[in-house]
$ cat start39.cif   # mmCIF, C-alpha atoms
data_my_file
loop_
_atom_site.group_PDB
_atom_site.id
_atom_site.type_symbol
_atom_site.label_atom_id
_atom_site.label_comp_id
_atom_site.auth_asym_id
_atom_site.auth_seq_id
_atom_site.Cartn_x
_atom_site.Cartn_y
_atom_site.Cartn_z
ATOM 1 C CA MET A 542 33.363 -20.446 6.074
ATOM 2 C CA SER A 543 30.350 -22.638 6.843
ATOM 3 C CA GLN A 544 29.848 -26.111 5.429
ATOM 4 C CA ALA A 545 26.965 -24.810 3.357
ATOM 5 C CA HIS A 546 29.163 -22.094 1.835
ATOM 6 C CA GLU A 547 31.899 -24.615 1.043
ATOM 7 C CA ALA A 548 29.326 -26.844 -0.643
ATOM 8 C CA ILE A 549 27.957 -23.988 -2.758
ATOM 9 C CA MET A 550 31.472 -22.973 -3.802
ATOM 10 C CA LEU A 551 32.162 -26.595 -4.813
ATOM 11 C CA LEU A 552 28.944 -26.556 -6.815
ATOM 12 C CA LYS A 553 30.060 -23.415 -8.617
ATOM 13 C CA GLN A 554 33.559 -24.760 -9.298
ATOM 14 C CA GLN A 555 32.242 -27.977 -10.791
ATOM 15 C CA MET A 556 29.831 -26.135 -13.048
ATOM 16 C CA GLN A 557 32.677 -23.910 -14.232
ATOM 17 C CA THR A 558 34.565 -26.957 -15.501
ATOM 18 C CA VAL A 559 31.842 -27.788 -18.032
ATOM 19 C CA VAL A 560 30.411 -24.331 -18.771
ATOM 20 C CA ILE A 561 32.949 -21.937 -20.261
ATOM 21 C CA GLY A 562 32.502 -18.249 -20.963
ATOM 22 C CA GLN A 563 29.128 -17.902 -19.231
ATOM 23 C CA GLU A 564 29.931 -17.075 -15.617
ATOM 24 C CA ILE A 565 26.774 -15.011 -15.422
ATOM 25 C CA VAL A 566 24.610 -18.081 -16.088
ATOM 26 C CA ILE A 567 26.267 -20.049 -13.289
ATOM 27 C CA ASP A 568 26.045 -17.171 -10.823
ATOM 28 C CA THR A 569 22.409 -16.557 -11.702
ATOM 29 C CA LEU A 570 21.369 -20.194 -11.310
ATOM 30 C CA ILE A 571 23.064 -20.441 -7.928
ATOM 31 C CA THR A 572 21.582 -17.140 -6.741
ATOM 32 C CA ALA A 573 18.122 -18.264 -7.845
ATOM 33 C CA LEU A 574 18.509 -21.534 -5.944
ATOM 34 C CA LEU A 575 19.599 -19.698 -2.813
ATOM 35 C CA THR A 576 16.643 -17.316 -3.011
ATOM 36 C CA ASN A 577 14.092 -19.999 -3.974
ATOM 37 C CA GLY A 578 13.410 -18.095 -7.198
ATOM 38 C CA ASN A 579 13.008 -18.713 -10.922
ATOM 39 C CA VAL A 580 15.131 -17.393 -13.772
ATOM 40 C CA LEU A 581 14.420 -16.093 -17.268
ATOM 41 C CA LEU A 582 17.344 -16.320 -19.683
ATOM 42 C CA GLU A 583 17.254 -14.427 -22.943
ATOM 43 C CA GLY A 584 20.030 -15.280 -25.319
ATOM 44 C CA LEU A 585 21.024 -16.514 -28.729
ATOM 45 C CA PRO A 586 21.305 -20.249 -29.415
ATOM 46 C CA GLY A 587 24.414 -21.985 -28.130
ATOM 47 C CA THR A 588 25.011 -19.807 -25.069
ATOM 48 C CA ALA A 589 25.112 -22.771 -22.635
ATOM 49 C CA LYS A 590 21.650 -22.369 -21.155
ATOM 50 C CA THR A 591 20.759 -26.059 -21.340
ATOM 51 C CA ARG A 592 24.267 -27.210 -20.520
ATOM 52 C CA SER A 593 24.342 -25.105 -17.359
ATOM 53 C CA ILE A 594 21.146 -26.479 -15.871
ATOM 54 C CA LYS A 595 22.170 -30.033 -16.758
ATOM 55 C CA ALA A 596 25.447 -29.527 -14.912
ATOM 56 C CA LEU A 597 23.552 -28.097 -11.945
ATOM 57 C CA ALA A 598 21.184 -31.068 -11.805
ATOM 58 C CA LYS A 599 24.030 -33.555 -12.168
ATOM 59 C CA THR A 600 26.102 -32.016 -9.381
ATOM 60 C CA LEU A 601 23.166 -31.910 -6.980
ATOM 61 C CA GLN A 602 21.930 -35.278 -8.303
ATOM 62 C CA VAL A 603 18.360 -34.011 -8.498
ATOM 63 C CA SER A 604 15.718 -34.634 -11.154
ATOM 64 C CA LEU A 605 15.611 -32.464 -14.263
ATOM 65 C CA GLY A 606 12.617 -31.981 -16.546
ATOM 66 C CA ARG A 607 12.665 -30.285 -19.914
ATOM 67 C CA VAL A 608 9.755 -28.962 -21.945
ATOM 68 C CA GLN A 609 10.234 -27.649 -25.469
ATOM 69 C CA PHE A 610 7.497 -25.051 -25.822
ATOM 70 C CA THR A 611 5.669 -25.191 -29.161
ATOM 71 C CA PRO A 612 2.415 -23.633 -30.442
ATOM 72 C CA ASP A 613 0.526 -26.922 -30.058
ATOM 73 C CA LEU A 614 1.606 -27.544 -26.447
ATOM 74 C CA LEU A 615 -1.210 -28.004 -23.906
ATOM 75 C CA PRO A 616 -1.203 -27.033 -20.200
ATOM 76 C CA SER A 617 -1.604 -30.714 -19.270
ATOM 77 C CA ASP A 618 1.629 -31.465 -21.126
ATOM 78 C CA ILE A 619 3.363 -29.507 -18.357
ATOM 79 C CA THR A 620 1.323 -30.095 -15.234
ATOM 80 C CA GLY A 621 0.103 -33.619 -15.913
ATOM 81 C CA THR A 622 -3.453 -34.909 -16.137
ATOM 82 C CA GLU A 623 -5.848 -37.444 -14.735
ATOM 83 C CA ILE A 624 -6.074 -40.651 -16.748
ATOM 84 C CA TYR A 625 -8.767 -43.317 -16.698
ATOM 85 C CA GLN A 626 -7.703 -46.711 -15.367
ATOM 86 C CA GLU A 627 -9.374 -49.852 -14.111
ATOM 87 C CA VAL A 628 -8.114 -51.094 -10.745
ATOM 88 C CA ASP A 629 -9.578 -54.386 -9.509
ATOM 89 C CA SER A 630 -12.245 -54.060 -12.193
ATOM 90 C CA LYS A 631 -13.238 -50.660 -10.822
ATOM 91 C CA PRO A 632 -12.927 -47.512 -12.952
ATOM 92 C CA THR A 633 -10.743 -44.837 -11.380
ATOM 93 C CA LEU A 634 -8.998 -41.620 -12.294
ATOM 94 C CA THR A 635 -5.276 -41.544 -11.536
ATOM 95 C CA PHE A 636 -3.176 -38.383 -11.673
ATOM 96 C CA GLN A 637 -0.183 -38.763 -13.969
ATOM 97 C CA GLN A 638 2.473 -36.200 -13.129
ATOM 98 C CA GLY A 639 3.857 -33.950 -15.830
ATOM 99 C CA PRO A 640 7.467 -32.795 -16.244
ATOM 100 C CA ILE A 641 6.896 -29.945 -13.811
ATOM 101 C CA PHE A 642 7.181 -32.476 -10.984
ATOM 102 C CA ASN A 643 10.972 -32.354 -11.099
ATOM 103 C CA ASN A 644 13.408 -30.419 -8.953
ATOM 104 C CA LEU A 645 14.584 -28.367 -11.922
ATOM 105 C CA LEU A 646 12.459 -27.542 -14.963
ATOM 106 C CA LEU A 647 13.892 -26.173 -18.194
ATOM 107 C CA ALA A 648 11.123 -24.341 -20.062
ATOM 108 C CA ASP A 649 12.850 -23.985 -23.413
ATOM 109 C CA GLU A 650 11.660 -21.112 -25.646
ATOM 110 C CA ILE A 651 8.776 -20.338 -23.309
ATOM 111 C CA ASN A 652 7.429 -17.667 -25.642
ATOM 112 C CA ARG A 653 6.685 -20.249 -28.352
ATOM 113 C CA SER A 654 3.397 -21.255 -26.695
ATOM 114 C CA PRO A 655 0.194 -19.222 -26.180
ATOM 115 C CA ALA A 656 -0.855 -17.601 -22.926
ATOM 116 C CA LYS A 657 -2.884 -20.560 -21.653
ATOM 117 C CA VAL A 658 0.220 -22.754 -21.603
ATOM 118 C CA GLN A 659 2.434 -20.029 -20.150
ATOM 119 C CA ALA A 660 -0.153 -19.526 -17.405
ATOM 120 C CA ALA A 661 0.165 -23.193 -16.434
ATOM 121 C CA LEU A 662 3.503 -22.276 -14.902
ATOM 122 C CA LEU A 663 2.216 -19.325 -12.858
ATOM 123 C CA GLU A 664 0.863 -21.268 -9.889
ATOM 124 C CA ALA A 665 3.897 -23.542 -9.847
ATOM 125 C CA MET A 666 6.356 -20.650 -9.893
ATOM 126 C CA GLU A 667 4.610 -18.672 -7.169
ATOM 127 C CA GLU A 668 2.940 -21.255 -4.934
ATOM 128 C CA ARG A 669 5.116 -24.337 -5.601
ATOM 129 C CA GLN A 670 2.015 -26.379 -6.386
ATOM 130 C CA VAL A 671 -0.319 -27.166 -9.291
ATOM 131 C CA THR A 672 -4.069 -27.680 -9.316
ATOM 132 C CA VAL A 673 -5.566 -30.219 -11.712
ATOM 133 C CA ALA A 674 -9.264 -31.143 -11.754
ATOM 134 C CA GLY A 675 -9.786 -29.304 -8.482
ATOM 135 C CA LYS A 676 -7.025 -31.184 -6.665
ATOM 136 C CA THR A 677 -3.828 -29.555 -5.457
ATOM 137 C CA HIS A 678 -0.519 -31.349 -5.942
ATOM 138 C CA VAL A 679 2.569 -30.093 -4.116
ATOM 139 C CA LEU A 680 5.835 -29.765 -6.018
ATOM 140 C CA PRO A 681 9.228 -30.913 -4.661
ATOM 141 C CA LYS A 682 10.730 -28.846 -1.846
ATOM 142 C CA LEU A 683 13.690 -27.999 -4.064
ATOM 143 C CA PHE A 684 12.161 -26.538 -7.223
ATOM 144 C CA MET A 685 13.210 -23.996 -9.825
ATOM 145 C CA VAL A 686 12.012 -22.998 -13.282
ATOM 146 C CA LEU A 687 14.628 -21.915 -15.800
ATOM 147 C CA ALA A 688 12.881 -20.410 -18.818
ATOM 148 C CA THR A 689 14.617 -19.372 -22.020
ATOM 149 C CA GLN A 690 13.628 -17.227 -24.948
ATOM 150 C CA ASN A 691 15.334 -16.191 -28.162
ATOM 151 C CA PRO A 692 15.553 -12.391 -28.576
ATOM 152 C CA ILE A 693 15.977 -12.345 -32.358
ATOM 153 C CA GLU A 694 12.994 -14.454 -33.437
ATOM 154 C CA GLN A 695 9.587 -12.777 -33.121
ATOM 155 C CA GLU A 696 7.547 -14.631 -35.742
ATOM 156 C CA GLY A 697 5.296 -17.255 -34.203
ATOM 157 C CA THR A 698 5.990 -16.166 -30.625
ATOM 158 C CA TYR A 699 3.731 -15.029 -27.796
ATOM 159 C CA PRO A 700 5.351 -12.369 -25.575
ATOM 160 C CA LEU A 701 5.179 -13.192 -21.883
ATOM 161 C CA PRO A 702 2.582 -11.102 -20.008
ATOM 162 C CA GLU A 703 3.879 -8.695 -17.390
ATOM 163 C CA ALA A 704 2.273 -10.716 -14.590
ATOM 164 C CA GLN A 705 4.346 -13.738 -15.517
ATOM 165 C CA MET A 706 7.558 -11.793 -16.090
ATOM 166 C CA ASP A 707 7.179 -10.520 -12.531
ATOM 167 C CA ARG A 708 7.342 -14.113 -11.229
ATOM 168 C CA PHE A 709 10.958 -14.477 -12.362
ATOM 169 C CA ILE A 710 13.291 -13.264 -9.666
ATOM 170 C CA MET A 711 15.910 -12.363 -12.296
ATOM 171 C CA LYS A 712 16.284 -12.005 -16.029
ATOM 172 C CA ILE A 713 19.684 -12.403 -17.634
ATOM 173 C CA ASN A 714 20.679 -11.343 -21.147
ATOM 174 C CA LEU A 715 23.343 -13.616 -22.638
ATOM 175 C CA GLU A 716 25.896 -12.831 -25.299
ATOM 176 C CA TYR A 717 28.218 -15.089 -27.263
ATOM 177 C CA PRO A 718 31.563 -15.894 -25.568
ATOM 178 C CA ASP A 719 34.771 -14.061 -26.448
ATOM 179 C CA ASP A 720 37.661 -15.487 -28.503
ATOM 180 C CA GLU A 721 39.463 -17.153 -25.614
ATOM 181 C CA ALA A 722 36.313 -18.730 -24.207
ATOM 182 C CA GLU A 723 35.291 -19.980 -27.655
ATOM 183 C CA ALA A 724 38.632 -21.751 -28.053
ATOM 184 C CA GLY A 725 38.167 -23.277 -24.597
ATOM 185 C CA ILE A 726 34.719 -24.539 -25.597
ATOM 186 C CA ILE A 727 36.165 -26.331 -28.624
ATOM 187 C CA SER A 728 38.809 -28.017 -26.462
ATOM 188 C CA LEU A 729 36.241 -28.993 -23.837
ATOM 189 C CA VAL A 730 33.852 -30.583 -26.339
ATOM 190 C CA ARG A 731 36.736 -32.416 -28.028
ATOM 191 C CA SER A 732 37.889 -33.839 -24.703
ATOM 192 C CA GLU A 733 34.344 -34.944 -23.869
ATOM 193 C CA GLU A 734 34.162 -36.847 -27.149
ATOM 194 C CA ILE A 735 37.313 -38.773 -26.253
ATOM 195 C CA THR A 736 36.823 -39.480 -22.556
ATOM 196 C CA ASP A 737 33.894 -40.760 -20.572
ATOM 197 C CA ASP A 738 31.308 -38.411 -19.131
ATOM 198 C CA LYS A 739 32.800 -36.145 -16.484
ATOM 199 C CA ALA A 740 32.295 -37.344 -12.927
ATOM 200 C CA PHE A 741 31.037 -34.746 -10.463
ATOM 201 C CA SER A 742 31.459 -34.790 -6.706
ATOM 202 C CA ARG A 743 27.928 -34.795 -5.370
ATOM 203 C CA VAL A 744 26.776 -31.727 -3.462
ATOM 204 C CA ASP A 745 24.027 -32.576 -0.988
ATOM 205 C CA PRO A 746 20.896 -30.539 -1.849
ATOM 206 C CA ASP A 747 20.315 -30.097 1.898
ATOM 207 C CA HIS A 748 23.141 -27.553 1.830
ATOM 208 C CA ILE A 749 20.855 -25.342 -0.285
ATOM 209 C CA PHE A 750 18.300 -25.193 2.517
ATOM 210 C CA THR A 751 21.011 -24.584 5.133
ATOM 211 C CA ALA A 752 22.398 -21.751 3.015
ATOM 212 C CA ARG A 753 18.932 -20.207 2.722
ATOM 213 C CA GLY A 754 18.678 -20.155 6.495
ATOM 214 C CA GLU A 755 22.048 -18.420 6.817
ATOM 215 C CA ILE A 756 21.090 -15.879 4.143
ATOM 216 C CA ASN A 757 17.842 -15.084 5.951
ATOM 217 C CA GLN A 758 19.851 -14.224 9.063
ATOM 218 C CA LEU A 759 22.204 -11.859 7.223
ATOM 219 C CA HIS A 760 22.078 -8.315 8.576
ATOM 220 C CA VAL A 761 20.345 -5.703 6.439
ATOM 221 C CA SER A 762 20.358 -2.173 7.819
ATOM 222 C CA GLU A 763 17.437 0.244 7.619
ATOM 223 C CA GLU A 764 19.524 2.422 5.298
ATOM 224 C CA ILE A 765 19.914 -0.439 2.812
ATOM 225 C CA ILE A 766 16.181 -1.153 2.928
ATOM 226 C CA LYS A 767 15.484 2.513 2.228
ATOM 227 C CA TYR A 768 17.940 2.396 -0.683
ATOM 228 C CA ILE A 769 16.225 -0.651 -2.185
ATOM 229 C CA VAL A 770 12.820 1.005 -1.826
ATOM 230 C CA ALA A 771 14.112 4.266 -3.311
ATOM 231 C CA LEU A 772 15.427 2.481 -6.404
ATOM 232 C CA VAL A 773 12.117 0.709 -7.021
ATOM 233 C CA ILE A 774 9.970 3.761 -6.255
ATOM 234 C CA ALA A 775 12.067 5.761 -8.712
ATOM 235 C CA THR A 776 10.854 3.446 -11.486
ATOM 236 C CA ARG A 777 7.248 4.289 -10.601
ATOM 237 C CA HIS A 778 7.728 8.020 -10.078
ATOM 238 C CA PRO A 779 10.583 9.082 -12.358
ATOM 239 C CA GLU A 780 9.117 12.594 -12.399
ATOM 240 C CA ARG A 781 10.722 13.079 -8.990
ATOM 241 C CA TYR A 782 14.004 13.434 -10.872
ATOM 242 C CA PRO A 783 13.229 16.364 -13.217
ATOM 243 C CA ASP A 784 16.838 16.757 -14.335
ATOM 244 C CA SER A 785 16.985 13.139 -15.517
ATOM 245 C CA PRO A 786 15.574 11.533 -18.701
ATOM 246 C CA LEU A 787 13.997 8.782 -16.563
ATOM 247 C CA LYS A 788 10.546 10.358 -16.840
ATOM 248 C CA ASP A 789 10.777 10.117 -20.632
ATOM 249 C CA TRP A 790 12.147 6.570 -20.647
ATOM 250 C CA ILE A 791 9.885 4.684 -18.230
ATOM 251 C CA GLN A 792 6.254 4.027 -19.060
ATOM 252 C CA VAL A 793 5.468 1.569 -16.238
ATOM 253 C CA GLY A 794 7.678 0.897 -13.217
ATOM 254 C CA SER A 795 8.325 -2.153 -11.061
ATOM 255 C CA SER A 796 5.955 -3.825 -8.615
ATOM 256 C CA PRO A 797 6.639 -4.547 -4.923
ATOM 257 C CA ARG A 798 7.958 -7.949 -6.030
ATOM 258 C CA ALA A 799 11.001 -6.057 -7.305
ATOM 259 C CA SER A 800 11.789 -4.743 -3.806
ATOM 260 C CA ILE A 801 11.389 -8.215 -2.314
ATOM 261 C CA ALA A 802 13.551 -9.797 -5.018
ATOM 262 C CA LEU A 803 16.257 -7.145 -4.733
ATOM 263 C CA ASP A 804 16.456 -7.673 -0.974
ATOM 264 C CA LYS A 805 16.722 -11.463 -1.394
ATOM 265 C CA CYS A 806 19.301 -11.318 -4.170
ATOM 266 C CA ALA A 807 21.449 -8.710 -2.414
ATOM 267 C CA ARG A 808 21.547 -10.901 0.704
ATOM 268 C CA ALA A 809 22.432 -13.975 -1.361
ATOM 269 C CA TYR A 810 25.174 -12.073 -3.190
ATOM 270 C CA ALA A 811 26.640 -10.804 0.085
ATOM 271 C CA TRP A 812 26.565 -14.344 1.534
ATOM 272 C CA LEU A 813 28.291 -15.798 -1.526
ATOM 273 C CA ASN A 814 31.062 -13.235 -1.077
ATOM 274 C CA GLN A 815 31.355 -14.114 2.640
ATOM 275 C CA HIS A 816 30.117 -10.749 3.864
ATOM 276 C CA ASP A 817 28.187 -10.500 7.123
ATOM 277 C CA PHE A 818 25.992 -7.636 5.952
ATOM 278 C CA VAL A 819 24.532 -6.123 2.783
ATOM 279 C CA ASP A 820 26.092 -2.953 1.427
ATOM 280 C CA PRO A 821 25.008 -0.652 -1.445
ATOM 281 C CA ASP A 822 27.359 -2.352 -3.905
ATOM 282 C CA HIS A 823 25.540 -5.657 -3.401
ATOM 283 C CA VAL A 824 22.251 -3.936 -4.180
ATOM 284 C CA ARG A 825 23.602 -2.187 -7.264
ATOM 285 C CA THR A 826 25.117 -5.397 -8.623
ATOM 286 C CA MET A 827 21.839 -7.280 -8.309
ATOM 287 C CA ALA A 828 19.666 -4.399 -9.551
ATOM 288 C CA TYR A 829 20.193 -5.227 -13.223
ATOM 289 C CA GLY A 830 19.041 -8.841 -13.076
ATOM 290 C CA VAL A 831 16.126 -7.978 -10.803
ATOM 291 C CA LEU A 832 14.791 -4.863 -12.555
ATOM 292 C CA ARG A 833 15.477 -5.237 -16.281
ATOM 293 C CA HIS A 834 12.376 -7.375 -16.966
ATOM 294 C CA ARG A 835 10.171 -5.355 -14.628
ATOM 295 C CA LEU A 836 10.389 -2.109 -16.577
ATOM 296 C CA ILE A 837 8.149 -1.156 -19.486
ATOM 297 C CA LEU A 838 10.009 1.408 -21.536
ATOM 298 C CA SER A 839 8.296 4.263 -23.320
ATOM 299 C CA TYR A 840 8.043 4.661 -27.066
ATOM 300 C CA GLU A 841 10.543 7.520 -26.831
ATOM 301 C CA ALA A 842 13.125 5.292 -25.139
ATOM 302 C CA LEU A 843 12.682 2.519 -27.695
ATOM 303 C CA ALA A 844 12.919 5.011 -30.544
ATOM 304 C CA GLU A 845 16.180 6.322 -29.114
ATOM 305 C CA GLY A 846 17.562 2.798 -28.775
ATOM 306 C CA ILE A 847 17.582 2.950 -24.979
ATOM 307 C CA ASN A 848 17.491 -0.470 -23.289
ATOM 308 C CA ALA A 849 16.566 -1.495 -19.756
ATOM 309 C CA ASP A 850 20.179 -1.685 -18.584
ATOM 310 C CA GLN A 851 20.780 1.922 -19.610
ATOM 311 C CA VAL A 852 17.692 2.945 -17.660
ATOM 312 C CA ILE A 853 19.031 1.111 -14.596
ATOM 313 C CA ASP A 854 22.386 2.872 -15.067
ATOM 314 C CA GLU A 855 20.520 6.174 -14.839
ATOM 315 C CA LEU A 856 18.493 4.974 -11.823
ATOM 316 C CA ILE A 857 21.638 4.121 -9.910
ATOM 317 C CA LYS A 858 23.146 7.467 -10.886
ATOM 318 C CA GLN A 859 20.119 9.444 -9.703
ATOM 319 C CA VAL A 860 19.150 7.597 -6.526
ATOM 320 C CA ALA A 861 21.426 8.392 -3.603
ATOM 321 C CA SER A 862 22.989 5.334 -2.017
ATOM 322 C CA ALA A 863 22.683 4.475 1.651
#
$ encode --input "start39.cif" --output "C-alpha cells"
Amino acid sequence: MSQAHEAIMLLKQQMQTVVIGQEIVIDTLITALLTNGNVLLEGLPGTAKTRSIKALAKTLQVSLGRVQFTPDLLPSDITGTEIYQEVDSKPTLTFQQGPIFNNLLLADEINRSPAKVQAALLEAMEERQVTVAGKTHVLPKLFMVLATQNPIEQEGTYPLPEAQMDRFIMKINLEYPDDEAEAGIISLVRSEEITDDKAFSRVDPDHIFTARGEINQLHVSEEIIKYIVALVIATRHPERYPDSPLKDWIQVGSSPRASIALDKCARAYAWLNQHDFVDPDHVRTMAYGVLRHRLILSYEALAEGINADQVIDELIKQVASA
C-alpha cells in the first residue's frame, strides 16, 4: 500500500466518523477528488450533503466556499467582480474574488437560479478558471464543485441544461438513512453537543495529486476500453438491441464525456480497492454514477415509471462484458 493510498483511506475513515448512513456520499466525494471531477448530488434535505463536504475540507484543511443559489443570485456573486478603488489618489479597478476561488465549492440547490448564473460555473468546472471583464483568473490547483438539488421541489426551479449536467463526472441519488443509521446520527449529534468539535488528523492535500498520478498509471486493457465504449454507444444506438426495451426507453444517449468519465472512475475505483488493473466489475459499479445524468429518457419510459438506474441495469444486461 502506497503512502498516498494510506492517506486516502485515513481521509475516508475520518469522514465516516462524522457522516453516518451515507457511505455513497463519502465514496463519491473521494472518487471525484481522485479524478479531478465535480459531483451533482440529488437528495432530500438532511442527507448529509453539507456535512460531508465540510468534513472533507476540515480533514484536508483546505478552503471551503458555499453559495446558496436563489432566483436573485448574479454570476458575479459566484465568480467575483472588479471594484473601483483609489490607490495613491489614482482610480483603479481591482478584482475581488468570489466564493468560487476556494478549493471546494458547495453550490447548494443549484437549480434555484436561472441559466445565466448556472452558466457562470461552466468555465470553472471544465477549464478550472474564470474570465471576468476579459481577464482570466486561474482557480486553485485542488478544486471541486459539489452541487446539490432537491428532487421533490419543482416550483421556482430552473432545470440544469444538458451541457452543464455533462460537466459533472458523477451524479448520486441520496435516500434517507435506515433505522440503525438514524439512531447513530442522534447519538453522534448528542455527543457533539456535549464535547468540543472533533479533531481530525490532517491529510496532506499533496497525497491527492500523488494518488492521481498512480491512478493514471493503472493498467487498462483494450478489452476494458472496448467494454466502456460499447456501454456508452449502446445509449446512442439502442436499436442495435432489438430484443431489448432500450430503444423505447432512451431518447438521447450519452456524449463522449461519459466514456472519459467512466474510464477515470473505473481506474479510481480499482485503485481504491488496491487492484493493479481495471476489470469489468469496476466499470459496472461506476456506470450508474457516471451515466444516470447523461441519459434523456423517452416519454414512454417516464410514463412507465422507468428511471435511469433501471435503464443502466438493462444496458449492463445487454452489453457483453470484456
$ resolve_selection --input "start39.cif" --expression "the PyMOL selection byres ((chain A and resi 681) around 7)" --output "ChimeraX atom specification"
/A:642-644,679-680,682-684
$ closest_residue --input "start39.cif" --among "A:Leu838, A:Ala598, A:Ile766, A:Ile801" --to "Gly578 in chain A" --atoms "all atoms listed in the file"
A:Ile801
$ residues_around --input "start39.cif" --residues "Gly794 in chain A" --least-positions-apart "6" --cutoff "10 Å" --atoms "all atoms listed in the file" --output "MDAnalysis selection string"
chainID A and resid 773:779 832 835:838
$ write_last_selection --input "start39.cif" --atoms "C-alpha atoms" --output "JSON list (two decimals), keeping the file's coordinate frame"
[["chain", "number", "residue", "atom", "x", "y", "z"],
["A", 773, "VAL", "CA", 12.12, 0.71, -7.02],
["A", 774, "ILE", "CA", 9.97, 3.76, -6.26],
["A", 775, "ALA", "CA", 12.07, 5.76, -8.71],
["A", 776, "THR", "CA", 10.85, 3.45, -11.49],
["A", 777, "ARG", "CA", 7.25, 4.29, -10.60],
["A", 778, "HIS", "CA", 7.73, 8.02, -10.08],
["A", 779, "PRO", "CA", 10.58, 9.08, -12.36],
["A", 832, "LEU", "CA", 14.79, -4.86, -12.56],
["A", 835, "ARG", "CA", 10.17, -5.36, -14.63],
["A", 836, "LEU", "CA", 10.39, -2.11, -16.58],
["A", 837, "ILE", "CA", 8.15, -1.16, -19.49],
["A", 838, "LEU", "CA", 10.01, 1.41, -21.54]]
$ axis_aligned_box --input "start39.cif" --around "range 817-828 of chain A" --padding-each-side "6 Å" --output "JSON"
{"center_x": 23.9, "center_y": -5.6, "center_z": -1.2, "size_x": 20.5, "size_y": 21.8, "size_z": 28.7}
$ closest_residue --input "start39.cif" --among "A:Leu803, A:Met556, A:Ala661, A:Ala688" --to "Gly584 in chain A" --atoms "only C-alpha atoms"
A:Ala688
$ resolve_selection --input "start39.cif" --expression "the PyMOL selection byres ((chain A and resi 545) around 7)" --output "list in words"
Ser543, Gln544, His546, Glu547, Ala548, Ile549, His748, Thr751 and Ala752 of chain A
$ resolve_selection --input "start39.cif" --expression "the PyMOL selection byres ((chain A and resi 798) around 10)" --output "list in words"
Asp707, Arg708, Phe709, Ile710, Val773, Ser795, Ser796, Pro797, Ala799, Ser800, Ile801, Ala802, Leu803, Asp804, Val831, Leu832 and Arg835 of chain A
$ closest_residue --input "start39.cif" --among "A:Pro702, A:Pro718, A:Pro821, A:Pro786" --to "Ser839 in chain A" --atoms "all atoms listed in the file"
A:Pro786
$ closest_residue --input "start39.cif" --among "A:Leu605, A:Leu729, A:Thr600, A:Gly587" --to "Val559 in chain A" --atoms "all atoms listed in the file"
A:Leu729
$ closest_residue --input "start39.cif" --among "A:Glu668, A:Glu650, A:Glu564, A:Asp613" --to "Asn577 in chain A" --atoms "all atoms listed in the file"
A:Glu668
$ atom_distance --input "start39.cif" --atom1 "CA of Ile765 in chain A" --atom2 "CA of Asp817 in chain A"
13.7 Å
$ closest_residue --input "start39.cif" --among "A:Val686, A:Ala648, A:Val673, A:Gln859" --to "Ala771 in chain A" --atoms "only C-alpha atoms"
A:Gln859
$ residues_around --input "start39.cif" --residues "range 759-762 of chain A" --least-positions-apart "3" --cutoff "6 Å" --atoms "all atoms listed in the file" --output "list in words"
Ile756, Ile765, Phe818 and Val819 of chain A
$ atom_distance --input "start39.cif" --atom1 "CA of Glu755 in chain A" --atom2 "CA of Leu575 in chain A"
10.0 Å
$ atom_distance --input "start39.cif" --atom1 "CA of Pro612 in chain A" --atom2 "CA of Tyr699 in chain A"
9.1 Å
$ residues_around --input "start39.cif" --residues "Ile641 in chain A" --least-positions-apart "4" --cutoff "9 Å" --atoms "only C-alpha atoms" --output "ChimeraX atom specification"
/A:606-608,619-621,645-646,662,665,671,680,686
$ residues_around --input "start39.cif" --residues "Val852 in chain A" --least-positions-apart "4" --cutoff "9 Å" --atoms "only C-alpha atoms" --output "list in words"
Pro786, Leu787, Trp790, Ile791, Arg833, Leu836, Leu838, Ile847, Asn848, Leu856 and Ile857 of chain A
$ residues_near_point --input "start39.cif" --point "(-0.2, -34.8, -15.3)" --cutoff "6 Å" --atoms "all atoms listed in the file" --output "JSON, numbers by chain"
{"A": [617, 620, 621, 622, 636, 637, 638, 639]}
$ write_last_selection --input "start39.cif" --atoms "C-alpha atoms" --output "JSON list (two decimals), keeping the file's coordinate frame"
[["chain", "number", "residue", "atom", "x", "y", "z"],
["A", 617, "SER", "CA", -1.60, -30.71, -19.27],
["A", 620, "THR", "CA", 1.32, -30.10, -15.23],
["A", 621, "GLY", "CA", 0.10, -33.62, -15.91],
["A", 622, "THR", "CA", -3.45, -34.91, -16.14],
["A", 636, "PHE", "CA", -3.18, -38.38, -11.67],
["A", 637, "GLN", "CA", -0.18, -38.76, -13.97],
["A", 638, "GLN", "CA", 2.47, -36.20, -13.13],
["A", 639, "GLY", "CA", 3.86, -33.95, -15.83]]
$ decode --input "start39.cif" --residues "range 714-721 of chain A" --atoms "N, CA and C atoms" --output "CSV table (one decimal), in the first residue's frame"
chain,number,residue,atom,x,y,z
A,714,ASN,N,-27.9,9.8,-6.4
A,714,ASN,CA,-29.2,10.0,-5.8
A,714,ASN,C,-29.1,9.5,-4.3
A,715,LEU,N,-29.5,10.3,-3.4
A,715,LEU,CA,-29.4,10.0,-2.0
A,715,LEU,C,-30.8,9.7,-1.4
A,716,GLU,N,-30.8,8.7,-0.5
A,716,GLU,CA,-32.1,8.4,0.2
A,716,GLU,C,-31.8,8.6,1.7
A,717,TYR,N,-32.9,8.6,2.5
A,717,TYR,CA,-32.8,8.8,3.9
A,717,TYR,C,-32.1,7.5,4.5
A,718,PRO,N,-31.4,7.7,5.6
A,718,PRO,CA,-30.7,6.5,6.2
A,718,PRO,C,-31.7,5.5,6.8
A,719,ASP,N,-31.2,4.3,7.1
A,719,ASP,CA,-32.1,3.3,7.7
A,719,ASP,C,-32.2,3.5,9.2
A,720,ASP,N,-32.9,2.6,9.8
A,720,ASP,CA,-33.2,2.7,11.3
A,720,ASP,C,-32.0,2.8,12.1
A,721,GLU,N,-31.0,1.9,11.9
A,721,GLU,CA,-29.8,1.8,12.6
A,721,GLU,C,-29.0,3.1,12.5
